[in-house]
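Structure first, then comments.
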Number of protein chains: 2
Amino acid sequence: MPRFPEFAERTQLITGSVFEKFRAKMQEQGENLVRLHIGDSYIPPPYEMPVDAGFLKEHPGFNRYCDTFGIAPLREVLAEKVKTDNALDATPSRIMMTAGACNALSVSMQALLNPGDEVLVLSPYWPFFRGMVRVVGGTAVEIPFYTPLYDDPGLHIKAHLEPHLTPRTVALYLNTPNNPSGKVLSKRQLQQVADFVREHDLWLVSDEAYDGMVYDEHEHFSIGALPGMFERTLSIFTFSKVYMFSGLRLGYVVAPETVLRNLNKIMVHQLYGPSTLSQQMMVSAVETRSQWSAAFVDHSRELRDMFIQGLEISPQVPEGTYFLFFPIKDYLDGRDYWEVIDACLGNGVSVAPGEDFGKDFGDYIRICFTGEAPDRLELAVRRLNEIFPR
Amino acid sequence: MPRFPEFAERTQLITGSVFEKFRAKMQEQGENLVRLHIGDSYIPPPYEMPVDAGFLKEHPGFNRYCDTFGIAPLREVLAEKVKTDNALDATPSRIMMTAGACNALSVSMQALLNPGDEVLVLSPYWPFFRGMVRVVGGTAVEIPFYTPLYDDPGLHIKAHLEPHLTPRTVALYLNTPNNPSGKVLSKRQLQQVADFVREHDLWLVSDEAYDGMVYDEHEHFSIGALPGMFERTLSIFTFSKVYMFSGLRLGYVVAPETVLRNLNKIMVHQLYGPSTLSQQMMVSAVETRSQWSAAFVDHSRELRDMFIQGLEISPQVPEGTYFLFFPIKDYLDGRDYWEVIDACLGNGVSVAPGEDFGKDFGDYIRICFTGEAPDRLELAVRRLNEIFPR
């Protein structure tokens with residue numbers, strides 16, 4: 001049975017912050033309130049830290065717990081960002097900060113799935129997502145999707161997805177721009193996914209980690225901005241890709257407040273909330289994004305083109321992300337798949353084996369074309385050509 | 001059935017990092033390897049950051065994903081720390097970094113419990129722990145423990161715990177120094193808990209978030225250092241308390257490598273791993289801890305004593321942590337419990353209601369005595385005296 005707009009049973013077994021019930025009264029007291037209810041110390045760390053002293057002085061709560069939904073200044077600039085860049089109907093209270101998109105996807109699955117539930121997982125997909133479905137006792141129903149769209153942009157999406165529906169289907173997992181295939185869905189294709197999801201009353205988990213990382217004439221659209229979609233869509237973003245700060249572990253979900261309240265109950269039981277200091281550090285990065293992001297995307301496109309032109313084989317040209325993803329069955333030359341993976345490693349290049357991206361991709365490999373400096377990437381191209389000659 | 005040394009079924013349904021299988025071959029390649037297997041970009045963030053430029057230059061991977069078990073330099077200094085300060089039989093490979101102790105407790109419960117399993121939860125306890133048991137379908141069996149120990153330090157612990165065992169008991173949750181009661185278990189008391197856990201073949205989850213935060217003649221001992229206990233103990237620490245950096249969301253688990261491998265599989269499905277930059281920032285803080293930590297603990301003790309002397313009522317004097325926890329039934333003066341909580345808020349002091357710390361503590365309140373600057377704390381004492389006159 002479709003569950004929308006209901007949540008998984010486990011969300012009924014737990015509460016969010018135990019102080020949520022006092023929020024209104026606390027706000028009423030304002031600065032007058034002496035806050036003894038939470039365990040924390042008022043003293044800033046006395047040991048040396050490599051953070052600018054002026055910044056720390058201007059951000060006096062940097063070392064302390066913050067609102068588990070995230071700090072207000074960051075949620076405010078992000079609400080502006082997703083309104084402007086993604087056309088999402090956002091307000092600060094429709095944004096919750098998480099420890100990366102990974103964490104947002106994890107809490108989404110825990111908040112939406114009961115044991116036995118099924119999720120339609122368009123494949124190829126980010127490997128950890130399948131595990132997130134499994135740990136709550138759910139089943140990931142894989143549907144080859146992004147790679148067929150390269151060959152057949154006019155694919156009848158509804159007819160392609162419908163055979164995989166069962167009475168246990170609860171949600172659909174969409175990821176565009178797609179890791180690993182680099183496919184970027186057009187607005188028309190997204191509209192078809194949206195129609196399907198609405199018709200069958202599913203939740204939609206929209207992984208937009210590669211938001212903004214698109215090339216040539218391609219554009220990224222947020223499916224939650226399509227008519228009637230905001231209420232059932234969990235739009236998930238990160239600071240790990242275009243912001244180039246995967247080491248910060250910061251991301252966010254855009255969704256209706258009721259949805260966020262349920263996600264938050266799960267999140268506080270996983271890690272309480274993401275780092276206060278990390279959130280404070282990213283406010284100006286969001287505000288200044290138009291000044292630096294295009295240069296990064298341009299540079300990534302150049303690296304993509306360097307790979308495409310330099311490789312003797314001809315992989316699919318990705319429309320977004322920083323990955324090449326292609327089958328190697330035509331280049332095995334009598335060798336076994338794993339022998340070739342080993343040969344890459346032995347020749348000084350690590351690649352990701354395809355089986356982790358879905359059961360239909362066991363003969364693919366994935367390559368990240370931005371992971372090392374350009375001279376090293378050129379070396380990698382030469383080494384890959386030794387393994388995969390024309 | 002006790003499960004030790006086995007893990008929950010869900011750990012069988014997922015894998016850790018998909019690249020784990022290549023670890024040896026990658027190490028063999030060393031610097032020669034061009035790493036294209038993971039999605040990441042080599043470029044440091046081009047936007048302004050408040051982190052010291054010299055530090056960033058010395059820590060070139062600050063913005064990138066790191067080993068999901070944690071960065072080597074931090075695990076190395078922490079191994080030294082827990083060997084020296086906690087007598088734990090640690091090595092860097094017996095330490096895994098997490099997003100705070102909260103995250104460590106969450107992954108522990110997910111890795112140890114199947115639905116229907118029971119955990120002995122010594123009470124009063126940190127409120128989120130009960131929810132962590134519930135989200136995996138487990139049951140928290142509460143046993144009043146820390147408060148009775150104040151009245152009866154010679155409590156026969158084995159006889160006290162044994163009636164709560166059932167065939168479904170899998171683990172025991174211990175937290176000393178205890179939040180909220182401030183109780184610090186003696187070595188003799190810990191030995192009795194250890195004997196009980198070993199005799200019944202339970203896992204032991206040892207929450208040591210308040211490690212080092214003890215007063216007067218009290219000392220904190222790690223139960224995992226007792227003979228025969230390391231193999232079954234998950235010793236959990238944090239940077240949120242003595243390190244005064246709750247806003248960083250960083251903690252760690254000390255346990256055998258097999259245990260950590262299973263916890264890691266869960267963690268990578270919750271948030272991948274904790275922040276690289278946060279880990280790098282804490283290496284020197286651990287190394288220099290003897291230079292600054294005593295002053296913080298002394299100051300906290302002074303604040304405790306200011307409260308104890310200033311309050312007209314006489315709460316139990318805590319042996320550690322930064323909390324007072326006491327029943328208010330004798331001070332209700334005809335008022336209802338919740339009326340009094342409201343009266344505190346209305347008088348400008350927020351306190352934590354006792355029911356969240358266990359079913360036996362509905363008439364208690366918890367107060368944190370380090371959460372605001374001393375002048376504000378003195379104001380709070382005066383305000384509390386208006387609500388709780390002698």
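Following the order of the structure tokens, first chain is A, next is B, and so on, with residues numbered from 1 inside each chain and ligands from 1 in the order they appear.
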Find the residues in chain B near chain A: any atom within 6 Å counts, using only C-alpha atoms. Write them as a count of residues only. 49
Can you pull out the residues contacting Gly138 (chain B)? Cut-off 7 Å, using only C-alpha atoms, and skip same-chain residues under 4 positions away; I want them as number ranges by chain. B: 113-118, 133-134
Could you take the residues named above and write them with N, CA, C and O atoms, as a PDB file, in the first residue's frame?
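Okay, this is what ended up in again-v9.pdb:
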```pdb
ATOM      1  N   LEU B 113      21.500  -5.063  17.739  1.00  0.00           N
ATOM      2  CA  LEU B 113      20.137  -5.501  18.065  1.00  0.00           C
ATOM      3  C   LEU B 113      19.311  -5.946  16.870  1.00  0.00           C
ATOM      4  O   LEU B 113      19.207  -5.237  15.873  1.00  0.00           O
ATOM      5  N   ASN B 114      18.666  -7.093  17.003  1.00  0.00           N
ATOM      6  CA  ASN B 114      17.598  -7.500  16.101  1.00  0.00           C
ATOM      7  C   ASN B 114      16.263  -7.060  16.709  1.00  0.00           C
ATOM      8  O   ASN B 114      16.181  -6.843  17.921  1.00  0.00           O
ATOM      9  N   PRO B 115      15.217  -6.949  15.881  1.00  0.00           N
ATOM     10  CA  PRO B 115      13.900  -6.627  16.449  1.00  0.00           C
ATOM     11  C   PRO B 115      13.535  -7.639  17.534  1.00  0.00           C
ATOM     12  O   PRO B 115      13.776  -8.841  17.387  1.00  0.00           O
ATOM     13  N   GLY B 116      12.977  -7.151  18.632  1.00  0.00           N
ATOM     14  CA  GLY B 116      12.573  -8.030  19.731  1.00  0.00           C
ATOM     15  C   GLY B 116      13.644  -8.196  20.793  1.00  0.00           C
ATOM     16  O   GLY B 116      13.365  -8.682  21.892  1.00  0.00           O
ATOM     17  N   ASP B 117      14.868  -7.794  20.498  1.00  0.00           N
ATOM     18  CA  ASP B 117      15.951  -7.906  21.482  1.00  0.00           C
ATOM     19  C   ASP B 117      15.771  -6.907  22.619  1.00  0.00           C
ATOM     20  O   ASP B 117      15.167  -5.852  22.441  1.00  0.00           O
ATOM     21  N   GLU B 118      16.346  -7.245  23.762  1.00  0.00           N
ATOM     22  CA  GLU B 118      16.261  -6.360  24.922  1.00  0.00           C
ATOM     23  C   GLU B 118      17.649  -5.876  25.344  1.00  0.00           C
ATOM     24  O   GLU B 118      18.628  -6.597  25.255  1.00  0.00           O
ATOM     25  N   VAL B 133      17.247   2.400  20.790  1.00  0.00           N
ATOM     26  CA  VAL B 133      16.860   0.994  20.924  1.00  0.00           C
ATOM     27  C   VAL B 133      15.542   0.757  20.183  1.00  0.00           C
ATOM     28  O   VAL B 133      15.381  -0.218  19.450  1.00  0.00           O
ATOM     29  N   ARG B 134      14.616   1.699  20.334  1.00  0.00           N
ATOM     30  CA  ARG B 134      13.290   1.529  19.730  1.00  0.00           C
ATOM     31  C   ARG B 134      13.309   1.552  18.205  1.00  0.00           C
ATOM     32  O   ARG B 134      12.547   0.819  17.577  1.00  0.00           O
TER      33      ARG B 134
END
```
CA of Pro60 (chain B) and CA of Val214 (chain A) are how many Å apart? 26.5 Å
With only C-alpha atoms as the counted atoms, please give the residues lying no more than 9 Å from Asp207 (chain A), apart from itself and same-chain residues fewer than 2 positions off, as an MDAnalysis selection string. chainID A and resid 101 105 173:178 205 209:211 234:237
Could you go through region 144-229 of chain B and tell me which residues DSSP, when run on the backbone, assigns to strand (DSSP E or B), listing them as a list in words?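 Secondary structure check on region 144-229 of chain B, strand (DSSP E or B): Pro144, Thr169, Val170, Ala171, Leu172, Tyr173, Leu174, Asn175, Trp203, Leu204, Val205, Ser206, Asp207 and Val214 of chain B.
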Test item: residues at most 12 Å from Asp89 (chain A), only C-alpha atoms, excluding those fewer than 4 positions along its chain, as a PDB file with C-alpha atoms, in the first residue's frame:
```pdb
ATOM      1  CA  LEU A  78      19.752  28.335   1.525  1.00  0.00           C
ATOM      2  CA  ALA A  79      16.036  29.152   1.278  1.00  0.00           C
ATOM      3  CA  GLU A  80      16.987  32.019  -1.048  1.00  0.00           C
ATOM      4  CA  LYS A  81      19.361  29.735  -2.952  1.00  0.00           C
ATOM      5  CA  VAL A  82      16.853  26.941  -3.651  1.00  0.00           C
ATOM      6  CA  LYS A  83      14.144  29.459  -4.513  1.00  0.00           C
ATOM      7  CA  THR A  84      16.418  31.211  -7.018  1.00  0.00           C
ATOM      8  CA  ASP A  85      18.430  28.300  -8.401  1.00  0.00           C
ATOM      9  CA  SER A  93      11.516  26.292   8.069  1.00  0.00           C
ATOM     10  CA  ARG A  94      11.315  24.013   5.030  1.00  0.00           C
ATOM     11  CA  ILE A  95      15.068  23.312   5.222  1.00  0.00           C
ATOM     12  CA  SER A 222      14.421  20.182  -9.307  1.00  0.00           C
ATOM     13  CA  ILE A 223      11.462  17.834  -9.617  1.00  0.00           C
ATOM     14  CA  GLY A 224       9.991  19.204  -6.386  1.00  0.00           C
ATOM     15  CA  ALA A 225       9.328  22.469  -8.242  1.00  0.00           C
ATOM     16  CA  LEU A 226       6.859  20.830 -10.633  1.00  0.00           C
ATOM     17  CA  PRO A 227       3.159  21.453  -9.882  1.00  0.00           C
ATOM     18  CA  GLY A 228       1.802  19.290  -7.067  1.00  0.00           C
ATOM     19  CA  MET A 229       5.193  17.751  -6.283  1.00  0.00           C
ATOM     20  CA  PHE A 230       6.540  19.752  -3.328  1.00  0.00           C
ATOM     21  CA  GLU A 231       4.334  18.014  -0.762  1.00  0.00           C
ATOM     22  CA  THR A 233       9.249  15.303  -2.528  1.00  0.00           C
ATOM     23  CA  SER A 235      14.840  17.319  -2.245  1.00  0.00           C
ATOM     24  CA  VAL A 254      14.108  20.731   1.409  1.00  0.00           C
ATOM     25  CA  ALA A 255      10.603  19.444   2.223  1.00  0.00           C
ATOM     26  CA  PRO A 256       7.341  20.423   3.945  1.00  0.00           C
ATOM     27  CA  GLU A 257       7.652  21.082   7.685  1.00  0.00           C
TER      28      GLU A 257
END
```
Taken to one decimal, the CA of Asp305 (chain A)-CA of Val317 (chain A) distance is 8.5 Å
What lies within 7 Å of Gly320 (chain A) using only C-alpha atoms, ignoring chain neighbours under 4 positions off, as a ChimeraX atom specification? /A:177,182-184,213-215
Which of these residues is nearest to Glu6 (chain B), using only C-alpha atoms: B:Asn86, B:Thr68, B:Thr258, B:Asn385? B:Thr258
Between A:Arg232, A:Arg261, A:Lys359, A:Tyr331, which is the closest to Pro144 (chain A) once you count only C-alpha atoms?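 Answer, going by the shortest atom-to-atom distance: A:Lys359.
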One decimal, in Å: what's the spacing between CA of Asp67 (chain B) and CA of Ala24 (chain B)?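 Taking CA of Asp67 (chain B) and CA of Ala24 (chain B), their separation equals 14.0 Å.
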Please provide as a ChimeraX atom specification all residues within 6 Å of region 69-77 of chain B, with the sequence filter that same-chain residues fewer than 4 positions apart are discarded (counting only C-alpha atoms). /B:92,96-97,283
Save out the residues we just selected, N, CA, C and O atoms, as an mmCIF file, in the first residue's frame.
```
data_model
loop_
_atom_site.group_PDB
_atom_site.id
_atom_site.type_symbol
_atom_site.label_atom_id
_atom_site.label_comp_id
_atom_site.auth_asym_id
_atom_site.auth_seq_id
_atom_site.Cartn_x
_atom_site.Cartn_y
_atom_site.Cartn_z
ATOM 1 N N PRO B 92 45.679 2.248 17.051
ATOM 2 C CA PRO B 92 44.885 3.067 16.119
ATOM 3 C C PRO B 92 43.797 2.259 15.411
ATOM 4 O O PRO B 92 42.704 2.767 15.174
ATOM 5 N N MET B 96 37.544 3.972 16.096
ATOM 6 C CA MET B 96 36.790 4.474 14.942
ATOM 7 C C MET B 96 36.166 5.810 15.310
ATOM 8 O O MET B 96 35.511 5.935 16.338
ATOM 9 N N MET B 97 36.384 6.821 14.451
ATOM 10 C CA MET B 97 35.813 8.148 14.680
ATOM 11 C C MET B 97 34.340 8.155 14.266
ATOM 12 O O MET B 97 33.950 7.500 13.291
ATOM 13 N N VAL B 283 43.622 17.024 16.568
ATOM 14 C CA VAL B 283 44.849 16.281 16.883
ATOM 15 C C VAL B 283 45.646 16.993 17.979
ATOM 16 O O VAL B 283 46.011 16.398 19.000
#
```
List every residue of region 158-191 of chain A that DSSP, applied to the backbone of this structure, places in helix (DSSP H, G or I), and write the result as a VMD selection string. chain A and resid 158 to 164 187 to 191
